[in-house]
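Quick look at coords_2.pdb (PDB, C-alpha atoms):
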```pdb
MODEL        1
ATOM      1  CA  MET A  80     -29.911  26.130 -23.652
ATOM      2  CA  ASN A  81     -26.600  27.231 -22.125
ATOM      3  CA  ALA A  82     -23.840  24.991 -20.793
ATOM      4  CA  LEU A  83     -20.616  25.737 -18.984
ATOM      5  CA  VAL A  84     -17.479  24.461 -20.661
ATOM      6  CA  GLN A  85     -14.001  24.491 -19.129
ATOM      7  CA  THR A  86     -11.107  25.558 -21.374
ATOM      8  CA  ASP A  87      -7.374  25.337 -20.563
ATOM      9  CA  ASN A  88      -8.286  24.636 -16.916
ATOM     10  CA  LYS A  89      -8.460  28.411 -16.418
ATOM     11  CA  ALA A  90     -11.821  29.865 -17.370
ATOM     12  CA  LEU A  91     -15.418  28.860 -17.829
ATOM     13  CA  VAL A  92     -17.262  30.047 -20.915
ATOM     14  CA  VAL A  93     -20.873  29.730 -21.951
ATOM     15  CA  ALA A  94     -21.587  27.579 -24.995
ATOM     16  CA  LYS A  95     -24.910  28.105 -26.792
ATOM     17  CA  ASN A  96     -27.122  25.210 -27.845
ATOM     18  CA  ALA A  97     -25.154  22.526 -26.025
ATOM     19  CA  PRO A  98     -26.941  19.158 -26.009
ATOM     20  CA  VAL A  99     -29.066  18.539 -22.955
ATOM     21  CA  ALA A 100     -30.056  15.147 -21.599
ATOM     22  CA  SER A 101     -33.683  14.453 -22.428
ATOM     23  CA  GLY A 102     -36.057  12.907 -19.973
ATOM     24  CA  PRO A 103     -38.547  14.030 -17.371
ATOM     25  CA  LYS A 104     -38.377  17.623 -16.246
ATOM     26  CA  GLN A 105     -39.191  18.600 -12.685
ATOM     27  CA  TYR A 106     -42.036  20.967 -11.894
ATOM     28  CA  LEU A 107     -43.291  22.463  -8.650
ATOM     29  CA  THR A 108     -47.068  22.050  -8.488
ATOM     30  CA  PHE A 109     -49.301  24.389  -6.530
ATOM     31  CA  LEU A 110     -52.952  25.302  -6.131
ATOM     32  CA  LEU A 111     -54.447  28.573  -7.209
ATOM     33  CA  GLY A 112     -58.187  29.092  -6.903
ATOM     34  CA  GLY A 113     -58.815  25.332  -6.839
ATOM     35  CA  GLU A 114     -56.791  24.682 -10.012
ATOM     36  CA  MET A 115     -53.420  22.925 -10.260
ATOM     37  CA  PHE A 116     -50.546  24.842 -11.857
ATOM     38  CA  ALA A 117     -46.843  24.082 -12.191
ATOM     39  CA  ILE A 118     -43.601  25.890 -12.926
ATOM     40  CA  GLY A 119     -40.189  24.450 -13.732
ATOM     41  CA  ILE A 120     -38.023  24.110 -10.631
ATOM     42  CA  LEU A 121     -34.904  25.560 -12.259
ATOM     43  CA  GLY A 122     -36.174  29.127 -11.782
ATOM     44  CA  ILE A 123     -37.351  28.613  -8.191
ATOM     45  CA  LYS A 124     -35.065  29.903  -5.460
ATOM     46  CA  GLU A 125     -37.124  28.992  -2.392
ATOM     47  CA  ILE A 126     -40.560  28.603  -0.883
ATOM     48  CA  ILE A 127     -41.410  30.545   2.256
ATOM     49  CA  GLU A 128     -44.406  30.801   4.540
ATOM     50  CA  TYR A 129     -46.572  33.839   3.795
ATOM     51  CA  ASP A 130     -45.711  36.332   6.516
ATOM     52  CA  GLY A 131     -47.160  39.670   5.511
ATOM     53  CA  LEU A 132     -45.525  42.380   3.444
ATOM     54  CA  THR A 133     -45.117  46.116   3.007
ATOM     55  CA  ARG A 134     -47.651  47.701   0.673
ATOM     56  CA  VAL A 135     -46.325  50.043  -2.009
ATOM     57  CA  PRO A 136     -48.617  52.765  -3.379
ATOM     58  CA  MET A 137     -49.435  53.120  -7.088
ATOM     59  CA  MET A 138     -48.664  49.488  -7.975
ATOM     60  CA  PRO A 139     -50.760  47.300 -10.276
ATOM     61  CA  GLU A 140     -53.505  45.453  -8.403
ATOM     62  CA  CYS A 141     -51.693  42.121  -8.726
ATOM     63  CA  ILE A 142     -48.556  43.434  -6.956
ATOM     64  CA  LEU A 143     -49.255  43.082  -3.242
ATOM     65  CA  GLY A 144     -46.108  44.848  -2.047
ATOM     66  CA  VAL A 145     -42.570  43.898  -1.064
ATOM     67  CA  ILE A 146     -40.852  41.667   1.476
ATOM     68  CA  ASN A 147     -37.410  41.794   3.057
ATOM     69  CA  LEU A 148     -35.643  38.594   2.044
ATOM     70  CA  ARG A 149     -32.295  38.534   3.823
ATOM     71  CA  GLY A 150     -31.774  42.243   3.202
ATOM     72  CA  ALA A 151     -33.076  42.300  -0.380
ATOM     73  CA  VAL A 152     -36.305  44.016  -1.390
ATOM     74  CA  VAL A 153     -38.426  41.452  -3.265
ATOM     75  CA  PRO A 154     -41.732  42.400  -4.949
ATOM     76  CA  VAL A 155     -44.608  39.991  -4.279
ATOM     77  CA  MET A 156     -47.348  39.228  -6.796
ATOM     78  CA  ASP A 157     -50.749  37.669  -6.146
ATOM     79  CA  LEU A 158     -50.735  35.134  -8.972
ATOM     80  CA  ALA A 159     -54.525  34.660  -8.809
ATOM     81  CA  SER A 160     -55.052  38.386  -9.262
ATOM     82  CA  ARG A 161     -52.533  38.411 -12.143
ATOM     83  CA  PHE A 162     -54.712  35.835 -13.889
ATOM     84  CA  GLY A 163     -57.861  37.939 -13.391
ATOM     85  CA  LYS A 164     -59.238  35.766 -10.594
ATOM     86  CA  GLN A 165     -60.375  36.763  -7.127
ATOM     87  CA  PRO A 166     -57.423  37.816  -4.924
ATOM     88  CA  THR A 167     -55.883  35.032  -2.846
ATOM     89  CA  ILE A 168     -57.401  34.565   0.599
ATOM     90  CA  ILE A 169     -54.533  34.096   3.048
ATOM     91  CA  THR A 170     -54.706  30.812   5.002
ATOM     92  CA  LYS A 171     -52.303  28.622   6.961
ATOM     93  CA  ARG A 172     -51.268  26.885   3.701
ATOM     94  CA  THR A 173     -50.613  30.091   1.719
ATOM     95  CA  CYS A 174     -46.991  30.277   0.535
ATOM     96  CA  THR A 175     -44.738  32.684  -1.267
ATOM     97  CA  VAL A 176     -42.684  31.035  -4.012
ATOM     98  CA  ILE A 177     -39.524  33.045  -4.717
ATOM     99  CA  VAL A 178     -38.542  32.817  -8.387
ATOM    100  CA  GLU A 179     -35.700  34.293 -10.397
ATOM    101  CA  VAL A 180     -36.808  36.124 -13.534
ATOM    102  CA  GLU A 181     -34.607  37.266 -16.406
ATOM    103  CA  ALA A 182     -35.340  40.713 -17.759
ATOM    104  CA  ALA A 183     -33.614  42.873 -20.347
ATOM    105  CA  ASP A 184     -32.448  46.192 -18.951
ATOM    106  CA  GLY A 185     -32.715  47.934 -22.323
ATOM    107  CA  GLU A 186     -28.947  47.842 -22.957
ATOM    108  CA  ARG A 187     -28.399  44.325 -24.448
ATOM    109  CA  GLN A 188     -27.403  43.139 -20.971
ATOM    110  CA  GLU A 189     -29.490  40.541 -19.181
ATOM    111  CA  MET A 190     -30.389  41.010 -15.531
ATOM    112  CA  THR A 191     -32.174  38.776 -13.094
ATOM    113  CA  HIS A 192     -34.689  39.813 -10.481
ATOM    114  CA  ASP A 193     -36.243  37.879  -7.640
ATOM    115  CA  MET A 194     -40.014  37.988  -7.338
ATOM    116  CA  GLY A 195     -42.397  36.367  -4.892
ATOM    117  CA  LEU A 196     -45.564  34.609  -6.050
ATOM    118  CA  VAL A 197     -48.382  34.151  -3.547
ATOM    119  CA  VAL A 198     -50.125  30.798  -4.075
ATOM    120  CA  ASP A 199     -52.891  29.022  -2.144
ATOM    121  CA  ALA A 200     -50.754  25.975  -1.352
ATOM    122  CA  VAL A 201     -47.659  24.195  -2.634
ATOM    123  CA  ASN A 202     -48.223  20.525  -3.499
ATOM    124  CA  ALA A 203     -45.166  18.605  -4.686
ATOM    125  CA  VAL A 204     -42.295  18.427  -7.135
ATOM    126  CA  LEU A 205     -43.239  16.137 -10.023
ATOM    127  CA  ASP A 206     -41.244  14.602 -12.865
ATOM    128  CA  ILE A 207     -43.193  15.116 -16.094
ATOM    129  CA  PRO A 208     -41.754  13.473 -19.228
ATOM    130  CA  ASP A 209     -41.816  15.497 -22.464
ATOM    131  CA  ALA A 210     -44.137  12.837 -23.939
ATOM    132  CA  ASP A 211     -46.757  13.773 -21.302
ATOM    133  CA  ILE A 212     -46.757  17.482 -22.166
ATOM    134  CA  GLU A 213     -49.271  18.771 -24.699
ATOM    135  CA  PRO A 214     -49.108  22.222 -26.337
ATOM    136  CA  ALA A 215     -51.080  25.099 -24.848
ATOM    137  CA  PRO A 216     -54.722  25.102 -25.941
ATOM    138  CA  ALA A 217     -55.948  27.694 -28.413
ATOM    139  CA  PHE A 218     -58.928  28.469 -26.154
ATOM    140  CA  GLY A 219     -60.809  27.129 -23.169
ATOM    141  CA  ALA A 220     -58.401  28.083 -20.363
ATOM    142  CA  ARG A 221     -59.310  30.902 -18.017
ATOM    143  CA  ILE A 222     -55.902  32.547 -18.405
ATOM    144  CA  ARG A 223     -54.137  34.004 -21.407
ATOM    145  CA  THR A 224     -52.692  31.181 -23.465
ATOM    146  CA  ASP A 225     -49.351  32.961 -23.897
ATOM    147  CA  PHE A 226     -48.831  32.373 -20.144
ATOM    148  CA  ILE A 227     -49.091  28.597 -20.715
ATOM    149  CA  ALA A 228     -45.952  26.636 -21.640
ATOM    150  CA  GLY A 229     -47.958  23.423 -21.984
ATOM    151  CA  MET A 230     -50.430  21.053 -20.382
ATOM    152  CA  GLY A 231     -48.809  18.270 -18.371
ATOM    153  CA  LYS A 232     -50.630  14.952 -17.962
ATOM    154  CA  VAL A 233     -50.343  13.714 -14.370
ATOM    155  CA  ASN A 234     -52.396  10.751 -13.129
ATOM    156  CA  GLY A 235     -54.998  11.215 -15.856
ATOM    157  CA  LYS A 236     -55.467  14.943 -15.178
ATOM    158  CA  PHE A 237     -53.986  18.058 -16.724
ATOM    159  CA  VAL A 238     -51.667  20.424 -14.887
ATOM    160  CA  ILE A 239     -51.202  23.880 -16.409
ATOM    161  CA  LEU A 240     -47.467  24.439 -16.957
ATOM    162  CA  LEU A 241     -46.784  28.166 -16.735
ATOM    163  CA  ASP A 242     -44.247  30.106 -18.778
ATOM    164  CA  ILE A 243     -43.017  32.109 -15.799
ATOM    165  CA  SER A 244     -41.028  34.579 -17.931
ATOM    166  CA  ARG A 245     -44.283  35.628 -19.644
ATOM    167  CA  VAL A 246     -46.335  35.688 -16.443
ATOM    168  CA  LEU A 247     -43.749  37.928 -14.781
ATOM    169  CA  SER A 248     -42.826  40.048 -17.809
ATOM    170  CA  ILE A 249     -41.277  43.217 -16.362
ATOM    171  CA  GLN A 250     -42.353  45.228 -19.427
ATOM    172  CA  GLU A 251     -45.985  44.120 -19.132
ATOM    173  CA  LEU A 252     -46.046  44.748 -15.372
ATOM    174  CA  GLY A 253     -44.670  48.229 -16.046
ATOM    175  CA  ALA A 254     -47.495  48.862 -18.507
ATOM    176  CA  LEU A 255     -50.006  47.700 -15.869
ATOM    177  CA  ALA A 256     -48.460  50.129 -13.373
ATOM    178  CA  GLN A 257     -48.837  52.998 -15.862
ATOM    179  CA  LEU A 258     -52.495  52.104 -16.377
ATOM    180  CA  SER A 259     -53.127  52.137 -12.632
ATOM    181  CA  GLU A 260     -51.476  55.588 -12.402
ATOM    182  CA  SER A 261     -53.626  57.079 -15.183
ATOM    183  CA  PRO A 262     -56.420  59.339 -13.972
ATOM    184  CA  PRO A 263     -59.889  57.948 -14.703
ATOM    185  CA  ALA A 264     -61.537  59.204 -17.879
ATOM    186  CA  LEU A 265     -64.210  61.803 -17.360
ATOM    187  CA  ALA A 266     -67.703  60.910 -18.461
ATOM    188  CA  SER A 267     -69.192  63.335 -20.962
TER     189      SER A 267
ENDMDL
END
```
Can the structure in the file be given as structure tokens, please?
Amino acid sequence: MNALVQTDNKALVVAKNAPVASGPKQYLTFLLGGEMFAIGILGIKEIIEYDGLTRVPMMPECILGVINLRGAVVPVMDLASRFGKQPTIITKRTCTVIVEVEAADGERQEMTHDMGLVVDAVNAVLDIPDADIEPAPAFGARIRTDFIAGMGKVNGKFVILLDISRVLSIQELGALAQLSESPPALAS
């Protein structure tokens, strides 16, 4: 965890592993194919109404296209499709959640990118104490377990807490794009 520390009243520096207050963490909950998911609110920039997008050729199936967000080009992913489910059916409640994702640029320097996630509906922001979060299951979920940061207990039910950096891995999405560009194998 990083913390900002002021020195000599002149500059701010980043201190690694600074103590962080423990307690409930806040998560945005949303529906996806009838299931409840959540992501930590610290990486969420905003939630906007789904309002169409520009399709981009040769993208992985889960990348729907791009939107213009105040002059910035932001890729938009269908989260249901990313998880191998049926593509999201757009309704009045469909939203695009804009998240900030950290990605290495291959040169030891960290960069951040904005990405939109299409979800069926946004529910609420919930406080989930660490004591109510179980580790990701070894099997039984319909998504890859490396995408799951944990299982939050809310009102006697589980909410799947997503590890958004894994779900939106730029390297893995690039590999998916290369697969979609490959010509189909010829049958012999």
For A:Val152, the nearest of the candidates A:Lys171, A:Lys104, A:His192, A:Lys236, counting only C-alpha atoms: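 Among A:Lys171, A:Lys104, A:His192, A:Lys236, it is A:His192 that comes nearest to A:Val152.
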Can you measure atom CA of A:Phe237 to atom CA of A:Val155 for me? One decimal in Å is fine.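 So the answer is 26.9 Å.
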Tell me which of A:Val145, A:Leu111, A:Ile243, A:Leu158 sits closest to A:Gly131, counting all atoms listed in the file.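 Using all atoms listed in the file, the shortest distance to A:Gly131 belongs to A:Val145.
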Taking the file as shown, what set of residues would the PyMOL selection byres ((chain A and resi 159) around 12) give back, as a PyMOL selection string? chain A and resi 109-116+140-143+156-158+160-169+196-199+221-222+246
The PyMOL selection byres ((chain A and resi 117-120) around 10) applied to the shown file, residues as number ranges by chain: A: 104-110, 115-116, 121-125, 178, 201-206, 227-231, 238-243
At what distance in Å, to one decimal, does atom CA of A:Arg245 lie from atom CA of A:Glu213?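 Atom CA of A:Arg245 lies 18.3 Å from atom CA of A:Glu213.
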Students should find that atom CA of A:Ile126 and atom CA of A:Cys174 are spaced 6.8 Å
Might you spell out which residues the PyMOL selection byres ((chain A and resi 147) around 12) would select in the displayed file, as a PDB file with C-alpha atoms, keeping the file's coordinate frame?
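Printed below is out-v7.pdb as written:
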```
ATOM      1  CA  ILE A 127     -41.410  30.545   2.256  1.00  0.00           C
ATOM      2  CA  ASP A 130     -45.711  36.332   6.516  1.00  0.00           C
ATOM      3  CA  GLY A 131     -47.160  39.670   5.511  1.00  0.00           C
ATOM      4  CA  LEU A 132     -45.525  42.380   3.444  1.00  0.00           C
ATOM      5  CA  THR A 133     -45.117  46.116   3.007  1.00  0.00           C
ATOM      6  CA  GLY A 144     -46.108  44.848  -2.047  1.00  0.00           C
ATOM      7  CA  VAL A 145     -42.570  43.898  -1.064  1.00  0.00           C
ATOM      8  CA  ILE A 146     -40.852  41.667   1.476  1.00  0.00           C
ATOM      9  CA  LEU A 148     -35.643  38.594   2.044  1.00  0.00           C
ATOM     10  CA  ARG A 149     -32.295  38.534   3.823  1.00  0.00           C
ATOM     11  CA  GLY A 150     -31.774  42.243   3.202  1.00  0.00           C
ATOM     12  CA  ALA A 151     -33.076  42.300  -0.380  1.00  0.00           C
ATOM     13  CA  VAL A 152     -36.305  44.016  -1.390  1.00  0.00           C
ATOM     14  CA  VAL A 153     -38.426  41.452  -3.265  1.00  0.00           C
ATOM     15  CA  PRO A 154     -41.732  42.400  -4.949  1.00  0.00           C
ATOM     16  CA  VAL A 155     -44.608  39.991  -4.279  1.00  0.00           C
ATOM     17  CA  ILE A 177     -39.524  33.045  -4.717  1.00  0.00           C
ATOM     18  CA  ASP A 193     -36.243  37.879  -7.640  1.00  0.00           C
ATOM     19  CA  MET A 194     -40.014  37.988  -7.338  1.00  0.00           C
ATOM     20  CA  GLY A 195     -42.397  36.367  -4.892  1.00  0.00           C
TER      21      GLY A 195
END
```
Please determine, counting all atoms listed in the file, which residue among A:Ser248, A:Asp225, A:Glu181, A:Asn234 has the shortest atom-to-atom distance to A:Ile207.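 That would be A:Asn234, the residue with the smallest distance to A:Ile207.
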Counting only C-alpha atoms, note down every residue that has an atom within 7 Å of the point (-45.3, 29.6, 4.5) (file coordinates), as a ChimeraX atom specification. /A:127-129,172-175
